[in-house]
Number of protein chains: 2
Amino acid sequence: MKPGHPHATEDCRAVSEVLQRIGDKWSLLVVRRLGDGPLRFNELRAAVGGISQKMLTTTLRTLERDGFVTRTVFPTIPPRVDYELTELGRELEVPVKGLAEWAIANMARISEARRRFDTSAAA
Amino acid sequence: MKPGHPHATEDCRAVSEVLQRIGDKWSLLVVRRLGDGPLRFNELRAAVGGISQKMLTTTLRTLERDGFVTRTVFPTIPPRVDYELTELGRELEVPVKGLAEWAIANMARISEARRRFDTSAAA
DNA sequence: AAACTGTGGTATCCAATAGATACCTACACT
DNA sequence: AGTGTAGGTATCTATTGGATACCACAGTTT
């Protein structure tokens, strides 16, 4: 991240892409829940809380496509589908955890900055 | 991040919020550029590349609101406005850098997972 | 005097995406 | 006939991103 780094811009764009990818409304919540072990669709839905069926389906498909979770179908009746983090998904948790700790530690500072900005702008 | 952690869900939601915040299309690119030192509006625009005036304005306002950058207006003619990272902005770069390294190191794995998923789904 | 230039914006409109809601399937069991 | 599972589809709205045009101001050019 020093000036003159030849690939700085494209690298940064790659990071931005990954951030946009996992920065949607539900992906992190889902990954975090699966971090405790595999879950079935409706278990996961209940564990996350507040997510609609469609959004969970969409979120899981995208996570599966990107190789973060695996989807295992048991051809029973009624059907049973297990979702589980892949190795890649578990590795992702490491840097995310770093960001998580920062976010938790600095949320108050951000909130206060917002409050200051909003009150001074409203004046 | 262990099962039974009482604040796991709300913490995770906080992280998700921060990620959504900086996970937009331009914020990280802008922060990265300002990491090399303060820049004027049009300098920044040229440095980032491909960003419209409106999007840069919007992005900078939000970053300013959240306390990541400062905006300094010099009341000259023509006007001159400098943007600079705050201490909070510079601190943010640390965990983001961790995620950045992960993203760069694993981009290929994600791409390959996508390719596999898309080809097998298309079949 | 009129028009153009460089700044850092704002206002407006349009397209694409994200998310929510409601309703649909198929199948077996009770 | 109704229930539970794991979805799919269709529709709607809200948010996001982007393009375009415009503004104010002063100096410079014509």
# chains A, B, ... in the order shown; residues from 1 in each chain; ligands from 1
>>> interface_residues(of="chain B", to="chain A", cutoff="9 Å", atoms="only C-alpha atoms", output="number ranges by chain")
B: 1-3, 8-9, 11-29, 32-33, 35-36, 48, 64-68, 88, 91-92, 94-104, 106-107, 109-118
>>> closest_residue(among="D:DT9, D:DG17, D:DT28, D:DC23", to="chain B", atoms="only C-alpha atoms (C1' of nucleotides)")
D:DG17
>>> interface_residues(of="chain D", to="chain B", cutoff="10 Å", atoms="only C-alpha atoms (C1' of nucleotides)", output="PyMOL selection string")
chain D and resi 16-19+25-27
>>> interface_residues(of="chain C", to="chain B", cutoff="8 Å", atoms="only C-alpha atoms (C1' of nucleotides)", output="list of chain:residue names")
C:DG6, C:DT7, C:DG8, C:DG9
>>> select_by_dssp(residues="chain B", states="strand (DSSP E)", output="count of residues only")
14
>>> closest_atom_pairs(of="chain D", to="region 18-22 of chain C", cutoff="12 Å", atoms="only C-alpha atoms (C1' of nucleotides)", output="Markdown table")
| residue | atom | partner | partner_atom | distance |
| --- | --- | --- | --- | --- |
| D:DT9 | C1' | C:DA22 | C1' | 10.4 |
| D:DA10 | C1' | C:DA22 | C1' | 8.9 |
| D:DT11 | C1' | C:DT21 | C1' | 8.7 |
| D:DC12 | C1' | C:DT21 | C1' | 8.2 |
| D:DT13 | C1' | C:DA20 | C1' | 8.3 |
| D:DA14 | C1' | C:DG19 | C1' | 8.1 |
| D:DT15 | C1' | C:DA18 | C1' | 7.3 |
| D:DT16 | C1' | C:DA18 | C1' | 8.9 |
>>> write_last_selection(atoms="C-alpha atoms (C1' of nucleotides)", output="PDB file, in the first residue's frame")
ATOM      1  C1'  DT D   9     -41.466 -17.502  -9.687  1.00  0.00           C
ATOM      2  C1'  DA D  10     -43.646 -13.146 -10.145  1.00  0.00           C
ATOM      3  C1'  DT D  11     -44.210  -8.678  -8.694  1.00  0.00           C
ATOM      4  C1'  DC D  12     -43.330  -4.648  -6.241  1.00  0.00           C
ATOM      5  C1'  DT D  13     -40.520  -1.077  -4.130  1.00  0.00           C
ATOM      6  C1'  DA D  14     -36.200   1.022  -2.429  1.00  0.00           C
ATOM      7  C1'  DT D  15     -31.621   1.845  -3.037  1.00  0.00           C
ATOM      8  C1'  DT D  16     -27.574   2.461  -5.898  1.00  0.00           C
TER       9       DT D  16
END
>>> decode(residues="region 73-85 of chain A", atoms="N, CA and C atoms", output="compact mmCIF listing (two decimals), in the first residue's frame")
# COMPACT_ATOMS: atom_id res chain seq x y z
N VAL A 73 -27.39 -32.44 -0.80
CA VAL A 73 -28.79 -32.83 -0.86
C VAL A 73 -28.93 -34.30 -0.47
N PHE A 74 -29.80 -34.57 0.49
CA PHE A 74 -30.13 -35.96 0.82
C PHE A 74 -31.47 -36.24 0.15
N PRO A 75 -31.48 -37.19 -0.80
CA PRO A 75 -32.69 -37.40 -1.60
C PRO A 75 -33.76 -38.16 -0.84
N THR A 76 -34.09 -37.67 0.34
CA THR A 76 -35.14 -38.27 1.14
C THR A 76 -36.44 -37.53 0.91
N ILE A 77 -37.48 -38.07 1.49
CA ILE A 77 -38.76 -37.38 1.46
C ILE A 77 -39.24 -37.20 2.88
N PRO A 78 -39.44 -35.96 3.32
CA PRO A 78 -39.18 -34.70 2.62
C PRO A 78 -37.69 -34.46 2.42
N PRO A 79 -37.33 -33.66 1.44
CA PRO A 79 -35.91 -33.44 1.14
C PRO A 79 -35.16 -32.83 2.32
N ARG A 80 -33.89 -33.12 2.35
CA ARG A 80 -33.05 -32.55 3.40
C ARG A 80 -31.80 -32.02 2.73
N VAL A 81 -31.46 -30.77 3.03
CA VAL A 81 -30.29 -30.14 2.42
C VAL A 81 -29.43 -29.54 3.51
N ASP A 82 -28.18 -29.93 3.52
CA ASP A 82 -27.24 -29.39 4.50
C ASP A 82 -26.33 -28.37 3.86
N TYR A 83 -26.09 -27.31 4.57
CA TYR A 83 -25.12 -26.30 4.13
C TYR A 83 -23.96 -26.27 5.10
N GLU A 84 -22.77 -26.18 4.52
CA GLU A 84 -21.57 -26.25 5.36
C GLU A 84 -20.49 -25.35 4.77
N LEU A 85 -19.69 -24.76 5.63
CA LEU A 85 -18.58 -23.94 5.14
C LEU A 85 -17.53 -24.83 4.48
